[in-house]
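What follows is a set of notes on a single structure, which appears directly below.
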Amino acid sequence: MPVRPAPWVVIKFGGTSVSRRERWENIRRIAAAHRENGRRVLIVVSALSGITDQLKAIAESRTDEAKAREVQTAIVARHEAMRAELGLTTCARMEQRLAELERLIADPRRAQAAVDWQAEVFALGELMSSSLGADFLAANGLPTQWLDAREHLCAAPIANQSAWARHLSANVPAAPDAPFAAALAARGDCFITQGFIARNEDGQTVLLGRGGSDTSAGYFGALLKAERVEIWTDVPGMFSANPRVVPEARLLARLDYEEAQEIATTGAKVLHPRSLGPLRRAGVPLVIKDTHRPQLAGTEIRAVAVDAAPCVKAISARKGVTLISMETVGMWQQVGFLADVFEAFKRHGLSVDLIGSAETNVTVSLDPTENLVNSDVLSALASDLAKICRVKVIAPCAAVTLVGRGMRSLLHRMSGVLAEFGALDVHLISQSSNNLNLTFVVDEALADDLIPRLHVLLIRADALRAEDGAVFGPSWRELDAEAAAPRRETWWMRRREELLRLAAQGTPRYVYALDAVREQARALRTLSPLPLAGEVAPAGAGEGSAVVRSTSIPSPRPLSRERERGSNIVDRWHYALKANPHPAILRTLDEEGFAFECVSMAEVEAVRATLPQLAAERILFTPNFAPREEYAQALQAGVRTTLDALHPLQHWGELFREREIHLRLDLGVGRGHHDKVKTGGAASKFGLALDQVEEFRALARRHGARIVGLHAHLGSGILDAAHWRSVYAQLASLAEGFSRIESLDIGGGLGVPSRPDEAPLDLAALGAALAEVKSAYPQFRLWLEPGRFLVADAGVLLARVTQVKRKGTVHYVGIDAGMNSLIRPALYEAWHEIVNLTRLGEPAQAMVQVVGPICETGDVLGANRRLPECREGDVILIAQAGAYGAVMASRYNLREPAAEIVL
């Protein structure tokens with residue numbers, strides 16, 4: 001039986017990986033490991049870091065002899081120092097290249113920086129580094145032969161290619177070459193060669209352009225029909241975004257060739273897109289590996305799976321993009337107009353990237369990585385185009401691109417992503433014909449702030465399926481061992497056995513831990529001490545007549561000693577009852593000194609029934625579009641009452657005669673994790689519009705009603721402490737235009753982080769922000785009304801697995817709790833952590849859809865979750881279910897919602 005020949009592996013190392021002795025030791029270990037595993041090895045290397053830039057300086061020196069000689073001296077010194085660091089007494093090949101550098105500096109072509117001369121100059125960097133490497137590896141136990149890449153990579157000209165591109169950005173038609181592979185194998189099993197360089201049909205040295213070493217590795221991988229090509233770099237692989245801009249960017253564990261090429265083309269610097277073409281055609285996988293952490297799997301790139309699910313894999317940005325906008329009414333249905341336009345681009349050697357067209361306009365983009373784009377070229381192009389249309393150059397721009405297979409089928413998930421672009425000046429939108437990318441061209445200055453926001457929105461929309469272990473690995477932050485923090489143990493982890501026993505008695509059921517409620521309540525008390533139960537606010541002293549819209553904060557007024565010590569920043573906390581009105585929770589929060597905010601008379605009655613001793617003034621009634629009867633009942637009961645519209649005073653004014661009332665305002669904008677939790681702005685039904693404030697005040701005066709408080713609540717799930725500072729400052733500024741305002745209620749919405757990548761609300765920052773405003777407006781008492789913040793983490797929903805099912809690549813885990821018990825995911829795409837409590841701690845490998853028994857497609861409790869293999873009867877725990885869970889339940893499908901249990 002014939003022995004199968006040893007396979008080839010091509011391993012490529014960049015400039016930083018060949019610039020220190022310890023890095024060369026690493027290369028030796030990696031190559032030796034491959035040999036020990038029965039592979040033949042071809043090492044492809046770049047120039048020492050910084051050398052290509054120095055060679056560029058020589059290429060640009062032209063007639064400046066002193067400059068050229070200064071840089072030459074530095075290059076010689078650098079390579080001699082590297083030779084000494086590697087412990088080599090001599091390196092004949094390197095000496096030859098240094099002599100060649102001397103010859104090229106003296107070459108008359110330098111004065112014009114001829115492109116063929118430039119190619120010879122730039123090639124020296126790789127020729128010298130590979131020479132040093134061959135001698136070092138051979139001297140340290142790894143017999144390695146030096147290979148001149150130009151003997152085996154022959155570039156072919158492309159139609160319409162400029163002289164610059166033919167010499168400095170050449171293409172090699174590489175395909176599997178069995179005779180070459182056999183001939184090389186006959187010579188040995190370990191070779192080192194150069195990236196970046198090749199030859200043309202005339203035998204001249206040519207370059208492969210930016211990322212040429214990656215491209216060389218791809219060419220050699222195809223020629224040898226290698227088992228794999230490995231690109232060794234200083235990051236663990238490709239990520240879903242630039243990890244230095246987005247720390248929560250996820251490692252892309254697996255990609256297909258086309259996706260990887262799109263990601264590389266649209267901004268990722270870790271891999272040059274040209275390297276993938278020959279590998280795709282030859283069917284050779286490529287792996288990106290981390291030289292610092294070789295144990296990590298990295299990113300593997302190979303052919304696409306036939307049944308791959310649509311998914312956004314990455315978001316990237318290319319900066320330095322130039323747009324050329326061409327406009328004329330004469331182009332509409334004019335035969336040959338585009339031919340004339342693109343002939344001008346062809347004449348100037350420019351390759352167009354993106355194209356957008358209208359009846360009277362065509363706009364295209366030029367990618368600087370593929371074109372020589374400078375002011376001279378653009379001026380000449382514009383001059384030619386001006387003969388047939390009006391030309392506008394828009395620069396600098398950034399092309400922000402979403403990449404993933406099946407992009408069009410994901411558009412319905414990306415309303416939040418698209419909304420981010422609504423407030424921006426988008427110059428061009430392009431959706432690729434291969435359904436792999438969607439690109440937005442914006443001003444370059446916007447890109448760095450935009451990318452992190454879009455990444456978060458893509459994950460929340462489940463368009464970027466970050467939990468899919470077959471595609472995504474850990475985040476950049478998680479890979480940083482020094483930054484990684486152990487997960488905080490939750491109460492339900494500590495009480496797992498108790499919860500499993502409760503589940504054995506019946507599911508579904510909500511379970512609440514009152515200790516967790518107290519913990520959150522006391523966390524808020526560290527922000528500022530609470531007033532004693534029953535304490536009544538003193539009257540304020542603000543005076544004035546005009547409504548003030550400014551949000552600036554005036555200079556602080558003199559403070560009492562008590563406030564100088566920072567106490568009483570928040571004068572009263574109201575618990576928003578709608579989050580969870582369970583009597584045990586109400587009693588707990590009463591013990592912790594909280595007052596209560598109710599949005600219906602039924603909620604008012606529930607508080608009074610549970611806490612009959614509670615003073616009426618510690619209940620705040622804040623209805624919205626409630627009937628007249630509820631306002632009458634609230635006023636009769638003596639609870640504080642809020643109005644948020646003109647209608648009650650216009651039509652029921654006698655109800656409020658000689659009454660104190662609070663006014664809820666709409667400050668014009670909403671906040672929150674979803675449109676359905678934003679309670680500000682014209683699209684929200686809450687609050688009185690600011691342009692109606694004077695009319696409201698006139699109605700109040702007519703009926704003798706006294707406005708003693710202003711209130712604003714703009715949304716929920718907010719994790720930015722600066723939000724409440726803004727609301728507080730706006731309300732305080734408005735309050736100075738009233739005469740009797742005593743309190744300012746800046747709402748609730750204090751967020752609780754749900755997803756692993758969300759940071760908790762910084763209470764210290766919140767306290768500092770509120771203290772800053774209060775020091776300027778000490779005459780007003782400050783109220784807040786948290787709800788979910790206090791109780792979300794205190795509750796879990798327990799359910800049992802009923803069935804499992806597979807449909808194609810989609811796996812379903814059915815449980816006995818559905819949207820009738822927990823509607824938040826269906827109502828506003830809320831994300832809850834879901835675990836298999838029975839198998840807690842087991843590897844979570846499977847990607848599943850957690851669904852309930854309700855006859856609705858929207859009955860999905862968790863989409864694309866990684867869980868251990870689930871079996872019928874396993875107990876599933878849904879976390880953060882203490883707020884807006886049981887209180888929003890129904891008997892839809894006549895299924896009873898989950899019961900409630902208090903620990």
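Going through the structure tokens in order, the chains are called A, B, and so on, while each chain numbers its residues from 1 and the ligands are numbered from 1 in the order shown.
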
Surrounding residues of stretch 186-188 of chain A excluding itself and chain neighbours under 5 positions, 9 Å, only C-alpha atoms, as a list in words:
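That gives Arg40, Pro143, Thr144, Gln145 and Ala181 of chain A.
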
Could the residues in this selection be saved with N, CA and C atoms as an mmCIF file, in the first residue's frame?
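Result went into again_20.cif, see below:
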data_model
loop_
_atom_site.group_PDB
_atom_site.id
_atom_site.type_symbol
_atom_site.label_atom_id
_atom_site.label_comp_id
_atom_site.auth_asym_id
_atom_site.auth_seq_id
_atom_site.Cartn_x
_atom_site.Cartn_y
_atom_site.Cartn_z
ATOM 1 N N ARG A 40 5.278 18.784 6.461
ATOM 2 C CA ARG A 40 6.336 19.612 5.892
ATOM 3 C C ARG A 40 5.939 21.074 6.101
ATOM 4 N N PRO A 143 16.869 22.340 10.767
ATOM 5 C CA PRO A 143 17.446 22.529 9.426
ATOM 6 C C PRO A 143 16.419 23.177 8.499
ATOM 7 N N THR A 144 16.713 24.375 8.047
ATOM 8 C CA THR A 144 15.761 25.168 7.264
ATOM 9 C C THR A 144 16.456 25.712 6.027
ATOM 10 N N GLN A 145 15.826 25.500 4.874
ATOM 11 C CA GLN A 145 16.401 25.980 3.623
ATOM 12 C C GLN A 145 15.744 27.297 3.211
ATOM 13 N N ALA A 181 5.203 20.932 -5.697
ATOM 14 C CA ALA A 181 5.150 20.395 -4.344
ATOM 15 C C ALA A 181 6.067 19.185 -4.210
#

Write down as a ChimeraX atom specification the residues of stretch 232-273 of chain A whose backbone DSSP state falls under alpha helix (DSSP H).
/A:257-265

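The gap separating atom CA of A:Leu798 from atom CA of A:Pro868 is 16.8 Å, in Å to one decimal.
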
Just the residues within 9 Å of A:Glu896, please, counting only C-alpha atoms, with nothing from its chain fewer than 4 positions along; format it as a ChimeraX atom specification.
/A:820-821,889-892

Selection to disk with C-alpha atoms, as a CSV table (one decimal), in the first residue's frame:
chain,number,residue,atom,x,y,z
A,820,ASN,CA,-48.6,33.9,29.4
A,821,SER,CA,-46.3,33.8,32.4
A,889,ALA,CA,-49.3,37.3,33.3
A,890,SER,CA,-52.5,36.1,31.7
A,891,ARG,CA,-54.6,33.1,31.2
A,892,TYR,CA,-54.1,33.1,27.4

What is the atom CA of A:Arg587-atom CA of A:Leu822 distance in Å, reported with one decimal?
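Value for the atom CA of A:Arg587-atom CA of A:Leu822 distance: 24.0 Å.
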
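Minimum atom-to-atom distances from A:Arg522, A:Thr610, A:Val570, A:Gly638 to A:Pro778 were compared using only C-alpha atoms, and the lowest value belongs to A:Val570.
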
Filtered DSSP result for stretch 643-871 of chain A, state strand (DSSP E or B), as number ranges by chain:
A: 643, 660-666, 671-672, 678, 688-689, 706-711, 715-716, 718, 743-745, 750, 781-784, 795-807, 810-815, 834-836, 846-851, 860-867

Closest of A:Lys225, A:His79, A:Arg781, A:His427 to A:Glu444 - atom-to-atom distances counting only C-alpha atoms
A:His427

Quick one: of A:Gly841, A:Pro236, A:Pro310, A:Gly211, who's nearest to A:Asn435, counting only C-alpha atoms?
A:Pro310

Nearest residue to A:Glu591 from the set A:Ala317, A:Arg501, A:Gly237, A:Val517 (distances using only C-alpha atoms)
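Selected residue with least distance to A:Glu591: A:Val517.
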
Name the residues in contact with A:Glu497 at a cut-off of 10 Å, using only C-alpha atoms, excluding same-chain residues fewer than 5 positions from it; report them as a count of residues only.
5

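Take atom CA of A:Gln118 and atom CA of A:Leu381: the distance between them is 25.1 Å.
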
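Proximity ranking of A:Ala523, A:Ala700, A:Val850, A:Ala382 relative to A:Leu761 places A:Ala523 first, based on only C-alpha atoms.
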